Amino acid sequence: MIRLTDVYHSYSTGTRALRGVDLTIEDGEFVFLVGPSGSGKSTIVKLLTGELRPTSGKVLVNEFHTSKMKQSEVPYLRRTLGVVFQDFRLIERKTVYENVAFAMRIIGASPKVIKKRVSYVLDLVGILHKARRKPNELSGGEQQRVAIARALVNNPSVIIADEPTGNLDPDRSLEIMMLLEKIHSLGTTVLVVTHERELVDQFDKRVVAIDGGLIVSDKTGGYYRYEEI
């Protein structure tokens with residue numbers, strides 16, 4: 001479960017990014033978080049991953065109270081999360097297989113377990129046949145599939161996809177979103193942060209809209225129309 005309760009966050013520059021956000025995402029939900037640039041979306045992602053602490057309020061992620069947790073607990077929080085970024089963040093010198101396996105090696109998984117799990121997630125995302133390729137040999141959509149496989153490989157309970165289709169054309173964007181929907185159907189909670197209205201409108205999902213650091217809409221189906229404010 002994800003729960004933000006009366007969350008405020010101000011940066012050292014004086015910018016007030018969040019101004020009393022209340023948001024609950026239950027286990028097993030698929031939620032879009034939408035809003036214009038500077039609305040507070042990225043701040044929420046950083047709060048959920050433990051990169052930031054709220055100025056005030058409570059942030060609960062998978063039973064971790066990130067607002068008061070010790071720095072030494074952050075890696076344990078992040079093991080329960082799979083994060084997918086717009087820019088893929090793959091290691092160029094490593095193969096597809098090695099990029100995904102690396103995420104398991106850093107938590108001490110055995111070679112036998114790594115081999116079985118990596119093959120499974122690469123097959124799940126439809127990229128197993130390119131396991132020995134390097135990232136620069138793949139299309140943008142294929143690279144994002146590898147990034148999703150890496151996010152999945154340690155079996156997180158929550159996937160946070162931060163503008164996952166920002167560098168892709170519309171067809172590839174739709175493919176990636178359908179893949180995330182498939183992952184959700186297997187029981188994983190999915191939070192997709194995006195500003196792509198046309199893409200959101202193709203899915204009948206819960207859409208939470210933020211603007212000016214405040215939640216301005218929370219409904220199922222369709223991107224929030226900011227011009228209606």
# chains A, B, ... in the order shown; residues from 1 in each chain; ligands from 1
call {"tool": "residues_around", "arguments": {"residues": "region 74-83 of chain A", "least_positions_apart": "6", "cutoff": "9 Å", "atoms": "only C-alpha atoms", "output": "PyMOL selection string"}}
result
chain A and resi 49-51+61-64+66+107+147-148+150-162
call {"tool": "write_last_selection", "arguments": {"atoms": "C-alpha atoms", "output": "mmCIF file, in the first residue's frame"}}
result
data_model
loop_
_atom_site.group_PDB
_atom_site.id
_atom_site.type_symbol
_atom_site.label_atom_id
_atom_site.label_comp_id
_atom_site.auth_asym_id
_atom_site.auth_seq_id
_atom_site.Cartn_x
_atom_site.Cartn_y
_atom_site.Cartn_z
ATOM 1 C CA THR A 49 11.504 5.893 -3.263
ATOM 2 C CA GLY A 50 13.077 7.467 -0.195
ATOM 3 C CA GLU A 51 15.136 9.982 -2.150
ATOM 4 C CA VAL A 61 5.141 2.721 1.285
ATOM 5 C CA ASN A 62 4.840 -1.046 1.739
ATOM 6 C CA GLU A 63 4.827 -0.689 5.544
ATOM 7 C CA PHE A 64 7.865 1.630 5.497
ATOM 8 C CA THR A 66 9.585 6.988 4.777
ATOM 9 C CA ILE A 107 21.103 -8.281 -3.416
ATOM 10 C CA ALA A 147 14.280 -1.606 -18.105
ATOM 11 C CA ILE A 148 10.880 -3.023 -17.121
ATOM 12 C CA ARG A 150 15.084 -5.139 -14.570
ATOM 13 C CA ALA A 151 12.440 -3.446 -12.417
ATOM 14 C CA LEU A 152 10.517 -6.730 -12.173
ATOM 15 C CA VAL A 153 13.352 -9.148 -11.589
ATOM 16 C CA ASN A 154 13.423 -8.900 -7.785
ATOM 17 C CA ASN A 155 9.659 -9.454 -7.635
ATOM 18 C CA PRO A 156 8.629 -6.043 -6.230
ATOM 19 C CA SER A 157 5.126 -5.482 -4.953
ATOM 20 C CA VAL A 158 4.960 -2.052 -6.632
ATOM 21 C CA ILE A 159 6.136 -0.820 -10.036
ATOM 22 C CA ILE A 160 6.622 2.947 -10.348
ATOM 23 C CA ALA A 161 6.962 3.991 -13.983
ATOM 24 C CA ASP A 162 8.138 7.612 -14.213
#
call {"tool": "residues_around", "arguments": {"residues": "Gln144 (chain A)", "least_positions_apart": "2", "cutoff": "8 Å", "atoms": "only C-alpha atoms", "output": "ChimeraX atom specification"}}
result
/A:88,140-142,146-148,164,176
call {"tool": "closest_residue", "arguments": {"among": "A:Pro111, A:Gly57, A:Arg19, A:Phe32", "to": "Leu4 (chain A)", "atoms": "only C-alpha atoms"}}
result
A:Gly57
call {"tool": "atom_distance", "arguments": {"atom1": "CA of Gln71 (chain A)", "atom2": "CA of Met104 (chain A)"}}
result
21.3 Å
call {"tool": "residues_around", "arguments": {"residues": "region 116-131 of chain A", "least_positions_apart": "3", "cutoff": "7 Å", "atoms": "only C-alpha atoms", "output": "list in words"}}
result
Thr95, Val96, Tyr97, Val100, Ala101, Lys112, Val113, Arg145, Ala149, Leu152, Val153 and Leu179 of chain A
call {"tool": "select_by_dssp", "arguments": {"residues": "region 20-184 of chain A", "states": "strand (DSSP E)", "output": "PyMOL selection string"}}
result
chain A and resi 20-25+30-34+56-61+64-65+81-85+158-162
call {"tool": "select_by_dssp", "arguments": {"residues": "region 127-196 of chain A", "states": "alpha helix (DSSP H)", "output": "mmCIF file with C-alpha atoms, in the first residue's frame"}}
result
data_model
loop_
_atom_site.group_PDB
_atom_site.id
_atom_site.type_symbol
_atom_site.label_atom_id
_atom_site.label_comp_id
_atom_site.auth_asym_id
_atom_site.auth_seq_id
_atom_site.Cartn_x
_atom_site.Cartn_y
_atom_site.Cartn_z
ATOM 1 C CA GLY A 140 13.915 2.535 -27.805
ATOM 2 C CA GLY A 141 10.889 0.345 -27.153
ATOM 3 C CA GLU A 142 13.093 -2.707 -26.686
ATOM 4 C CA GLN A 143 15.352 -0.835 -24.282
ATOM 5 C CA GLN A 144 12.333 0.148 -22.205
ATOM 6 C CA ARG A 145 11.239 -3.495 -22.109
ATOM 7 C CA VAL A 146 14.658 -4.368 -20.699
ATOM 8 C CA ALA A 147 14.280 -1.606 -18.105
ATOM 9 C CA ILE A 148 10.880 -3.023 -17.121
ATOM 10 C CA ALA A 149 12.383 -6.521 -16.853
ATOM 11 C CA ARG A 150 15.084 -5.139 -14.570
ATOM 12 C CA ALA A 151 12.440 -3.446 -12.417
ATOM 13 C CA LEU A 152 10.517 -6.730 -12.173
ATOM 14 C CA PRO A 170 2.941 6.533 -30.052
ATOM 15 C CA ASP A 171 2.915 2.895 -31.202
ATOM 16 C CA ARG A 172 5.795 1.895 -28.920
ATOM 17 C CA SER A 173 4.231 3.907 -26.079
ATOM 18 C CA LEU A 174 1.021 1.925 -26.391
ATOM 19 C CA GLU A 175 2.985 -1.351 -26.393
ATOM 20 C CA ILE A 176 4.792 -0.397 -23.181
ATOM 21 C CA MET A 177 1.556 0.631 -21.475
ATOM 22 C CA MET A 178 -0.092 -2.643 -22.482
ATOM 23 C CA LEU A 179 2.910 -4.479 -21.047
ATOM 24 C CA LEU A 180 2.475 -2.627 -17.739
ATOM 25 C CA GLU A 181 -1.204 -3.562 -17.817
ATOM 26 C CA LYS A 182 -0.173 -7.218 -18.280
ATOM 27 C CA ILE A 183 2.175 -6.973 -15.295
ATOM 28 C CA HIS A 184 -0.651 -5.457 -13.260
ATOM 29 C CA SER A 185 -2.895 -8.398 -14.165
#
call {"tool": "residues_around", "arguments": {"residues": "Asp27 (chain A)", "least_positions_apart": "2", "cutoff": "8 Å", "atoms": "only C-alpha atoms", "output": "PDB file with C-alpha atoms, in the first residue's frame"}}
result
ATOM      1  CA  MET A   1       0.000   0.000   0.000  1.00  0.00           C
ATOM      2  CA  ILE A   2       0.991   3.592  -0.681  1.00  0.00           C
ATOM      3  CA  ILE A  25      -3.135   3.496  -3.552  1.00  0.00           C
ATOM      4  CA  GLU A  29      -4.311  -1.059  -8.119  1.00  0.00           C
ATOM      5  CA  THR A 188       1.596  -6.129  -9.094  1.00  0.00           C
ATOM      6  CA  THR A 189       0.568  -2.624  -8.027  1.00  0.00           C
TER       7      THR A 189
END
call {"tool": "closest_residue", "arguments": {"among": "A:Thr55, A:Ser72, A:Ser217, A:Thr194", "to": "Gly20 (chain A)", "atoms": "only C-alpha atoms"}}
result
A:Thr55
